[in-house]
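query26.cif (mmCIF, C-alpha atoms)
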data_input
loop_
_atom_site.label_atom_id
_atom_site.label_comp_id
_atom_site.auth_asym_id
_atom_site.auth_seq_id
_atom_site.Cartn_x
_atom_site.Cartn_y
_atom_site.Cartn_z
CA MET D 1 0.67 -14.76 -1.31
CA HIS D 2 0.01 -17.26 -4.08
CA LEU D 3 -3.12 -15.50 -5.30
CA GLU D 4 -3.05 -14.36 -8.90
CA LYS D 5 -1.18 -11.07 -9.23
CA TYR D 6 -0.21 -8.60 -11.95
CA THR D 7 3.37 -8.11 -13.04
CA ILE D 8 4.91 -5.49 -10.74
CA VAL D 9 7.44 -2.99 -12.03
CA LYS D 10 9.48 -0.64 -9.90
CA GLY D 11 11.76 2.15 -10.91
CA GLY D 12 15.08 3.20 -9.49
CA SER D 13 13.66 4.20 -6.11
CA ASP D 14 12.26 1.87 -3.47
CA PHE D 15 9.12 3.96 -3.15
CA HIS D 16 7.42 3.77 -6.56
CA TYR D 17 5.75 0.65 -8.02
CA GLU D 18 3.48 0.23 -11.03
CA PHE D 19 1.28 -2.42 -12.57
CA TYR D 20 -1.49 -2.59 -15.17
CA SER D 21 -5.04 -3.62 -14.35
CA GLU D 22 -6.63 -5.51 -17.23
CA GLY D 23 -10.34 -6.05 -17.68
CA PRO D 24 -13.48 -4.98 -19.54
CA LYS D 25 -12.58 -1.29 -19.11
CA GLY D 26 -9.22 -1.85 -20.75
CA ARG D 27 -5.66 -1.57 -19.50
CA ILE D 28 -5.35 0.83 -16.58
CA LYS D 29 -2.03 1.91 -15.13
CA LYS D 30 -1.93 1.74 -11.33
CA VAL D 31 0.72 3.16 -9.10
CA VAL D 32 1.60 2.35 -5.51
CA ARG D 33 3.66 5.07 -3.89
CA PHE D 34 5.10 4.98 -0.37
CA VAL D 35 5.42 8.55 0.89
CA SER D 36 7.67 9.13 3.88
CA LEU D 37 5.92 10.61 6.93
CA THR D 38 9.01 12.17 8.44
CA GLU D 39 6.88 15.05 9.75
CA TYR D 40 5.45 12.43 12.10
CA GLU D 41 8.40 10.09 12.56
CA ASN D 42 11.18 8.45 10.59
CA ASP D 43 10.36 4.96 9.27
CA TYR D 44 6.67 5.80 8.79
CA TYR D 45 5.22 5.71 5.25
CA ASN D 46 1.82 6.31 3.76
CA LEU D 47 0.60 3.84 1.17
CA TYR D 48 -0.97 5.54 -1.85
CA LEU D 49 -2.79 3.53 -4.54
CA GLY D 50 -3.87 5.54 -7.56
CA ASP D 51 -5.02 5.22 -11.18
CA TRP D 52 -3.23 7.06 -13.97
CA LEU D 53 -5.74 9.27 -15.81
CA GLU D 54 -4.17 9.65 -19.23
CA ALA D 55 -6.54 12.38 -20.45
CA GLU D 56 -5.94 14.49 -17.35
CA ASP D 57 -2.22 13.72 -17.01
CA ARG D 58 -2.55 12.96 -13.32
CA PHE D 59 -3.14 10.21 -10.75
CA SER D 60 -6.34 9.80 -8.78
CA ASP D 61 -7.25 7.58 -5.84
CA THR D 62 -10.93 8.43 -5.99
CA VAL D 63 -11.80 7.19 -9.48
CA ILE D 64 -13.71 3.89 -9.63
CA SER D 65 -12.30 1.84 -12.49
CA ASN D 66 -14.70 -1.14 -12.26
CA ASN D 67 -12.32 -3.37 -14.16
CA ARG D 68 -13.66 -6.51 -12.45
CA ASP D 69 -10.25 -7.50 -11.07
CA ARG D 70 -10.48 -6.36 -7.45
CA GLU D 71 -8.96 -9.50 -5.91
CA LYS D 72 -6.06 -9.48 -8.34
CA ILE D 73 -5.36 -5.79 -7.64
CA LEU D 74 -5.44 -6.34 -3.88
CA ALA D 75 -3.15 -9.36 -4.12
CA THR D 76 -0.76 -7.25 -6.21
CA VAL D 77 -0.78 -4.42 -3.67
CA ALA D 78 -0.14 -6.95 -0.87
CA ALA D 79 2.82 -8.30 -2.82
CA ILE D 80 4.17 -4.77 -3.26
CA VAL D 81 3.95 -4.20 0.50
CA VAL D 82 5.90 -7.42 1.05
CA HIS D 83 8.58 -6.32 -1.41
CA PHE D 84 8.81 -2.82 0.04
CA THR D 85 9.15 -4.04 3.62
CA ALA D 86 11.84 -6.49 2.53
CA ALA D 87 13.82 -3.54 1.18
CA ILE D 88 13.05 -1.35 4.22
CA PRO D 89 12.46 -3.77 7.12
CA HIS D 90 11.92 -1.04 9.72
CA ALA D 91 9.16 0.61 7.70
CA VAL D 92 5.82 1.19 9.38
CA ILE D 93 3.09 1.55 6.77
CA PHE D 94 -0.03 3.61 7.32
CA ALA D 95 -2.99 2.96 5.04
CA GLU D 96 -6.33 4.66 4.90
CA GLY D 97 -8.64 4.56 1.90
CA SER D 98 -9.72 7.75 0.18
CA THR D 99 -13.28 6.80 1.08
CA ALA D 100 -14.86 4.45 3.62
CA SER D 101 -15.64 1.97 0.86
CA ARG D 102 -12.03 2.02 -0.30
CA THR D 103 -10.83 1.44 3.24
CA ARG D 104 -13.14 -1.59 3.34
CA LEU D 105 -11.50 -2.69 0.11
CA TYR D 106 -8.12 -2.63 1.82
CA GLN D 107 -9.67 -4.67 4.61
CA MET D 108 -10.86 -7.28 2.13
CA GLY D 109 -7.38 -7.48 0.67
CA ILE D 110 -5.89 -7.98 4.12
CA SER D 111 -8.46 -10.62 4.99
CA ALA D 112 -7.81 -12.52 1.75
CA ASN D 113 -4.09 -12.65 2.58
CA TRP D 114 -4.51 -12.95 6.34
CA GLN D 115 -2.86 -16.33 6.87
CA ILE D 116 0.49 -15.12 5.59
CA ILE D 117 0.16 -11.54 6.88
CA LYS D 118 -0.39 -12.58 10.49
CA GLU D 119 2.64 -14.85 10.42
CA TYR D 120 5.09 -12.19 9.32
CA PHE D 121 3.49 -8.82 10.06
CA ASP D 122 2.20 -6.93 13.06
CA LEU D 123 -1.02 -5.37 11.78
CA GLN D 124 -3.16 -2.94 13.74
CA GLY D 125 -6.56 -1.51 12.86
CA PHE D 126 -8.00 1.80 14.06
CA LYS D 127 -11.59 1.64 15.24
CA GLU D 128 -13.66 3.94 17.45
CA GLY D 129 -10.68 6.03 18.50
CA GLU D 130 -8.32 3.19 19.36
CA TRP D 131 -5.76 0.93 17.73
CA GLU D 132 -6.19 -2.80 18.17
CA ARG D 133 -4.63 -5.93 16.75
CA PHE D 134 -6.34 -6.59 13.41
CA GLN D 135 -9.25 -9.00 13.49
CA LYS D 136 -11.07 -10.29 10.45
CA ASN D 137 -14.69 -9.21 10.06
CA ARG D 138 -14.19 -5.90 11.90
CA ASN D 139 -14.42 -2.68 9.93
CA TYR D 140 -11.49 -0.36 10.55
CA GLU D 141 -10.87 3.26 9.65
CA ALA D 142 -7.13 2.92 9.06
CA PHE D 143 -4.31 0.41 9.33
CA LEU D 144 -0.71 0.29 10.55
CA LEU D 145 1.58 -2.53 9.50
CA ARG D 146 5.18 -3.51 10.10
CA ARG D 147 7.27 -6.65 9.90
CA LYS D 148 7.56 -8.75 13.07
CA MET B 1 12.60 -4.11 -18.68
CA GLY B 2 15.38 -4.77 -16.20
CA ASN B 3 16.24 -7.29 -13.54
CA VAL B 4 13.71 -9.32 -11.61
CA SER B 5 13.93 -8.89 -7.85
CA THR B 6 12.46 -11.92 -6.09
CA ASN B 7 11.28 -12.33 -2.52
CA LYS B 8 11.33 -16.15 -2.27
CA LYS B 9 9.57 -16.42 1.07
CA PHE B 10 6.46 -14.76 -0.33
CA ALA B 11 6.94 -15.60 -4.00
CA VAL B 12 6.94 -11.95 -4.99
CA ASP B 13 8.60 -11.07 -8.30
CA VAL B 14 9.21 -7.44 -9.14
CA VAL B 15 10.68 -6.28 -12.42
CA VAL B 16 13.17 -3.50 -11.86
CA ASP B 17 13.02 -1.02 -14.72
CA LYS B 18 14.95 2.14 -13.98
CA SER B 19 13.68 3.71 -17.18
CA ILE B 20 10.08 4.00 -16.00
CA GLN B 21 8.88 7.50 -15.34
CA ASP B 22 8.22 7.79 -11.61
CA HIS B 23 6.18 11.00 -12.06
CA GLY B 24 8.12 12.86 -9.37
CA ASN B 25 5.98 14.04 -6.51
CA ILE B 26 2.40 12.89 -7.00
CA PRO B 27 0.23 15.71 -5.60
CA ALA B 28 -2.57 13.34 -4.53
CA ALA B 29 -0.06 11.10 -2.75
CA GLN B 30 1.50 14.08 -1.00
CA GLU B 31 -1.94 15.22 0.12
CA LYS B 32 -2.69 11.75 1.49
CA ALA B 33 0.61 11.84 3.35
CA ARG B 34 -0.28 15.18 4.93
CA LYS B 35 -3.60 13.70 6.08
CA ALA B 36 -1.80 10.64 7.42
CA VAL B 37 0.55 12.82 9.48
CA ALA B 38 -2.44 14.72 10.89
CA PHE B 39 -4.17 11.44 11.72
CA LEU B 40 -1.13 10.00 13.49
CA LYS B 41 -0.47 13.20 15.41
CA LYS B 42 -4.08 13.25 16.56
CA HIS B 43 -4.51 9.57 17.41
CA GLY B 44 -0.96 8.35 18.01
CA VAL B 45 0.13 4.78 17.34
CA PRO B 46 -0.29 1.50 19.24
CA LYS B 47 1.97 1.12 22.25
CA SER B 48 3.74 -1.77 20.59
CA PHE B 49 4.74 0.55 17.72
CA ALA B 50 5.90 3.45 19.85
CA LYS B 51 9.65 3.92 19.96
CA LYS B 52 11.27 3.73 23.37
CA LYS B 53 12.48 7.20 24.33
#
Show how you would write the structure in this file as C-alpha coordinates.
Amino acid sequence: MHLEKYTIVKGGSDFHYEFYSEGPKGRIKKVVRFVSLTEYENDYYNLYLGDWLEAEDRFSDTVISNNRDREKILATVAAIVVHFTAAIPHAVIFAEGSTASRTRLYQMGISANWQIIKEYFDLQGFKEGEWERFQKNRNYEAFLLRRK
Amino acid sequence: MGNVSTNKKFAVDVVVDKSIQDHGNIPAAQEKARKAVAFLKKHGVPKSFAKKK
(Lines of atoms letter the chains of each structure in order from A and count residues from 1; the text may use other names and numbers.)
(Lines give C-alpha, C1' and ligand atoms only; values in the text may rest on other atoms or scores of the structure.)
Protein backbone atom coordinates (compact mmCIF):
# COMPACT_ATOMS: atom_id res chain seq x y z
CA MET A 1 0.00 0.00 0.00
CA HIS A 2 3.00 2.29 -0.33
CA LEU A 3 2.27 3.17 -3.95
CA GLU A 4 1.75 6.84 -4.65
CA LYS A 5 -1.80 7.89 -3.78
CA TYR A 6 -3.95 11.01 -3.85
CA THR A 7 -5.12 12.74 -0.70
CA ILE A 8 -8.36 11.08 0.37
CA VAL A 9 -11.16 13.07 1.96
CA LYS A 10 -14.24 11.61 3.57
CA GLY A 11 -17.31 13.33 4.88
CA GLY A 12 -19.35 12.63 7.96
CA SER A 13 -20.50 9.20 6.78
CA ASP A 14 -18.36 6.11 6.41
CA PHE A 15 -19.65 5.53 2.89
CA HIS A 16 -18.51 8.55 0.87
CA TYR A 17 -14.89 9.31 -0.09
CA GLU A 18 -13.45 11.82 -2.55
CA PHE A 19 -10.12 12.64 -4.15
CA TYR A 20 -8.87 14.69 -7.09
CA SER A 21 -7.16 13.16 -10.10
CA GLU A 22 -4.49 15.48 -11.50
CA GLY A 23 -3.01 15.23 -14.96
CA PRO A 24 -2.98 16.66 -18.48
CA LYS A 25 -6.79 16.85 -18.54
CA GLY A 26 -6.80 18.94 -15.40
CA ARG A 27 -8.13 18.35 -11.90
CA ILE A 28 -10.98 15.85 -11.86
CA LYS A 29 -13.05 15.12 -8.79
CA LYS A 30 -13.52 11.40 -8.15
CA VAL A 31 -15.89 9.84 -5.70
CA VAL A 32 -15.91 6.37 -4.18
CA ARG A 33 -19.28 5.46 -2.71
CA PHE A 34 -20.11 2.26 -0.86
CA VAL A 35 -23.81 1.51 -1.33
CA SER A 36 -25.38 -0.96 1.05
CA LEU A 37 -26.87 -4.06 -0.60
CA THR A 38 -29.36 -4.82 2.13
CA GLU A 39 -31.81 -6.11 -0.49
CA TYR A 40 -29.34 -8.96 -0.86
CA GLU A 41 -27.89 -9.21 2.64
CA ASN A 42 -26.67 -7.02 5.47
CA ASP A 43 -22.93 -6.30 5.43
CA TYR A 44 -22.75 -6.34 1.62
CA TYR A 45 -21.74 -3.13 -0.20
CA ASN A 46 -21.26 -2.17 -3.80
CA LEU A 47 -18.18 -0.15 -4.65
CA TYR A 48 -18.93 2.75 -7.00
CA LEU A 49 -16.14 4.83 -8.56
CA GLY A 50 -17.30 7.86 -10.51
CA ASP A 51 -16.13 11.16 -12.00
CA TRP A 52 -17.87 14.41 -11.14
CA LEU A 53 -19.08 16.06 -14.37
CA GLU A 54 -19.27 19.72 -13.42
CA ALA A 55 -21.11 20.85 -16.56
CA GLU A 56 -23.77 18.18 -16.13
CA ASP A 57 -24.00 18.37 -12.34
CA ARG A 58 -23.79 14.61 -11.97
CA PHE A 59 -21.43 11.67 -11.47
CA SER A 60 -20.58 9.15 -14.16
CA ASP A 61 -18.72 5.85 -14.06
CA THR A 62 -18.61 5.49 -17.82
CA VAL A 63 -16.65 8.60 -18.78
CA ILE A 64 -13.00 8.02 -19.76
CA SER A 65 -10.92 10.80 -18.24
CA ASN A 66 -7.53 9.81 -19.72
CA ASN A 67 -5.66 11.80 -17.10
CA ARG A 68 -2.61 9.50 -17.32
CA ASP A 69 -2.71 8.61 -13.63
CA ARG A 70 -4.33 5.17 -13.67
CA GLU A 71 -1.95 3.54 -11.19
CA LYS A 72 -2.28 6.39 -8.74
CA ILE A 73 -6.09 6.28 -8.96
CA LEU A 74 -6.15 2.53 -8.40
CA ALA A 75 -3.78 2.77 -5.44
CA THR A 76 -6.04 5.48 -3.99
CA VAL A 77 -9.16 3.33 -4.42
CA ALA A 78 -7.35 0.40 -2.78
CA ALA A 79 -6.45 2.64 0.15
CA ILE A 80 -10.09 3.72 0.45
CA VAL A 81 -11.18 0.08 0.58
CA VAL A 82 -8.67 -0.53 3.36
CA HIS A 83 -9.97 2.46 5.31
CA PHE A 84 -13.61 1.51 4.80
CA THR A 85 -13.10 -2.08 5.91
CA ALA A 86 -11.24 -0.87 8.99
CA ALA A 87 -14.32 1.16 9.93
CA ILE A 88 -16.72 -1.68 9.02
CA PRO A 89 -14.73 -4.91 9.46
CA HIS A 90 -17.63 -7.21 8.57
CA ALA A 91 -18.22 -5.50 5.23
CA VAL A 92 -18.24 -7.63 2.10
CA ILE A 93 -17.49 -5.49 -0.94
CA PHE A 94 -18.80 -6.30 -4.40
CA ALA A 95 -17.09 -4.64 -7.35
CA GLU A 96 -17.89 -4.86 -11.01
CA GLY A 97 -16.74 -2.32 -13.58
CA SER A 98 -19.26 -0.42 -15.68
CA THR A 99 -17.62 -2.03 -18.71
CA ALA A 100 -15.41 -5.06 -19.27
CA SER A 101 -12.40 -2.79 -19.72
CA ARG A 102 -13.13 -1.05 -16.44
CA THR A 103 -13.45 -4.38 -14.68
CA ARG A 104 -10.00 -5.25 -16.06
CA LEU A 105 -8.82 -1.94 -14.63
CA TYR A 106 -9.98 -3.04 -11.19
CA GLN A 107 -8.10 -6.28 -11.77
CA MET A 108 -4.92 -4.38 -12.55
CA GLY A 109 -5.34 -2.40 -9.35
CA ILE A 110 -5.78 -5.58 -7.35
CA SER A 111 -2.76 -7.19 -8.99
CA ALA A 112 -0.59 -4.14 -8.29
CA ASN A 113 -1.50 -4.35 -4.60
CA TRP A 114 -1.71 -8.13 -4.43
CA GLN A 115 1.04 -8.78 -1.89
CA ILE A 116 -0.73 -6.82 0.82
CA ILE A 117 -4.28 -7.70 -0.27
CA LYS A 118 -3.74 -11.45 -0.05
CA GLU A 119 -2.29 -11.16 3.44
CA TYR A 120 -5.25 -9.34 4.94
CA PHE A 121 -8.21 -9.92 2.62
CA ASP A 122 -10.19 -12.84 1.27
CA LEU A 123 -10.69 -11.93 -2.38
CA GLN A 124 -12.81 -13.91 -4.82
CA GLY A 125 -13.22 -13.44 -8.55
CA PHE A 126 -16.22 -14.45 -10.65
CA LYS A 127 -15.40 -16.23 -13.89
CA GLU A 128 -17.45 -18.45 -16.18
CA GLY A 129 -20.34 -18.72 -13.75
CA GLU A 130 -18.34 -19.51 -10.63
CA TRP A 131 -16.53 -17.77 -7.80
CA GLU A 132 -12.93 -18.73 -7.17
CA ARG A 133 -10.09 -17.46 -5.04
CA PHE A 134 -8.50 -14.57 -6.93
CA GLN A 135 -5.50 -15.43 -9.06
CA LYS A 136 -3.33 -12.92 -10.86
CA ASN A 137 -3.43 -13.02 -14.66
CA ARG A 138 -7.01 -14.33 -14.81
CA ASN A 139 -9.71 -12.04 -16.14
CA TYR A 140 -12.74 -11.87 -13.87
CA GLU A 141 -16.21 -10.44 -14.35
CA ALA A 142 -16.70 -9.28 -10.77
CA PHE A 143 -15.02 -9.37 -7.37
CA LEU A 144 -15.98 -9.98 -3.74
CA LEU A 145 -13.67 -8.92 -0.95
CA ARG A 146 -13.70 -9.01 2.83
CA ARG A 147 -11.17 -8.86 5.63
CA LYS A 148 -9.75 -12.17 6.88
CA MET B 1 -10.26 20.30 6.32
CA GLY B 2 -10.71 18.26 9.47
CA ASN B 3 -8.93 15.49 11.31
CA VAL B 4 -6.69 12.93 9.68
CA SER B 5 -7.77 9.35 10.27
CA THR B 6 -4.79 7.00 9.89
CA ASN B 7 -4.69 3.26 9.34
CA LYS B 8 -1.10 2.56 10.42
CA LYS B 9 -0.95 -1.04 9.25
CA PHE B 10 -1.56 0.02 5.66
CA ALA B 11 -0.28 3.58 5.86
CA VAL B 12 -3.61 4.99 4.77
CA ASP B 13 -4.32 8.62 5.69
CA VAL B 14 -7.80 9.99 5.21
CA VAL B 15 -8.73 13.59 5.87
CA VAL B 16 -12.09 13.80 7.59
CA ASP B 17 -13.96 16.88 6.42
CA LYS B 18 -17.57 16.87 7.52
CA SER B 19 -18.25 19.98 5.48
CA ILE B 20 -17.85 18.26 2.11
CA GLN B 21 -21.00 17.84 0.13
CA ASP B 22 -21.73 14.11 -0.09
CA HIS B 23 -24.23 14.61 -2.94
CA GLY B 24 -26.92 12.53 -1.23
CA ASN B 25 -27.99 9.52 -3.22
CA ILE B 26 -25.95 9.26 -6.40
CA PRO B 27 -28.34 7.87 -9.03
CA ALA B 28 -25.57 6.07 -10.94
CA ALA B 29 -24.32 4.47 -7.72
CA GLN B 30 -27.84 3.39 -6.78
CA GLU B 31 -28.27 1.86 -10.22
CA LYS B 32 -24.99 -0.04 -9.85
CA ALA B 33 -26.18 -1.29 -6.48
CA ARG B 34 -29.42 -2.58 -8.01
CA LYS B 35 -27.38 -4.45 -10.63
CA ALA B 36 -25.11 -5.83 -7.92
CA VAL B 37 -28.10 -7.18 -5.99
CA ALA B 38 -29.42 -8.82 -9.17
CA PHE B 39 -25.99 -10.33 -9.85
CA LEU B 40 -25.65 -11.73 -6.33
CA LYS B 41 -29.18 -13.11 -6.29
CA LYS B 42 -28.53 -14.83 -9.60
CA HIS B 43 -25.05 -16.18 -8.93
CA GLY B 44 -24.83 -16.32 -5.14
CA VAL B 45 -21.58 -15.92 -3.24
CA PRO B 46 -18.64 -18.26 -2.53
CA LYS B 47 -19.31 -20.87 0.13
CA SER B 48 -16.72 -19.30 2.37
CA PHE B 49 -18.71 -16.04 2.33
CA ALA B 50 -22.11 -17.58 2.95
CA LYS B 51 -23.49 -17.00 6.42
CA LYS B 52 -24.25 -20.08 8.47
CA LYS B 53 -28.01 -20.39 8.83
**OP:** Please evaluate the PyMOL selection byres ((chain B) within 8 of (chain D)) against the structure above and give the resulting residues as a ChimeraX atom specification.
**Re:** /B:7,10-22,26,28-30,32-34,36-37,40-41,43,45-46
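Between CA of Leu53 (chain D) and CA of Ser65 (chain D) the interatomic distance comes to 10.5 Å.
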**OP:** Check which residues satisfy the PyMOL selection byres ((chain D and resi 121) around 6) in the file shown, then give them as a ChimeraX atom specification.
**Re:** /D:117-118,120,122-123,146-148
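Straight-line separation from CA of Asn139 (chain D) to CA of Arg104 (chain D): 6.8 Å.
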Listed atoms of region 56-64 of chain D boxed along x, y and z, 6 Å each side, centre and edge lengths in Å, one decimal, as lines of an AutoDock Vina configuration file:
center_x = -8.0
center_y = 9.2
center_z = -11.6
size_x = 23.5
size_y = 22.6
size_z = 23.5
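Coordinates place CA of Ser21 (chain D) at a distance of 10.8 Å from CA of Leu74 (chain D).
Closest to Glu54 (chain D) among D:Gln107, D:His90, D:Gly23, D:Lys29 is D:Lys29, based on all atoms listed in the file.
Nearest to Tyr106 (chain D) of all the residues D:Leu3, D:Ile73, D:Ile88, D:Lys127 is D:Ile73, based on all atoms listed in the file.
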**OP:** Convert the output of the PyMOL selection byres ((chain D and resi 26) around 12) on the shown file into explicit residues, formatted as a count of residues only.
**Re:** 14
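Among the candidates D:Lys72, D:Phe134, D:Glu141, D:Trp114, the one nearest to Ala100 (chain D) when counting all atoms listed in the file is D:Glu141.
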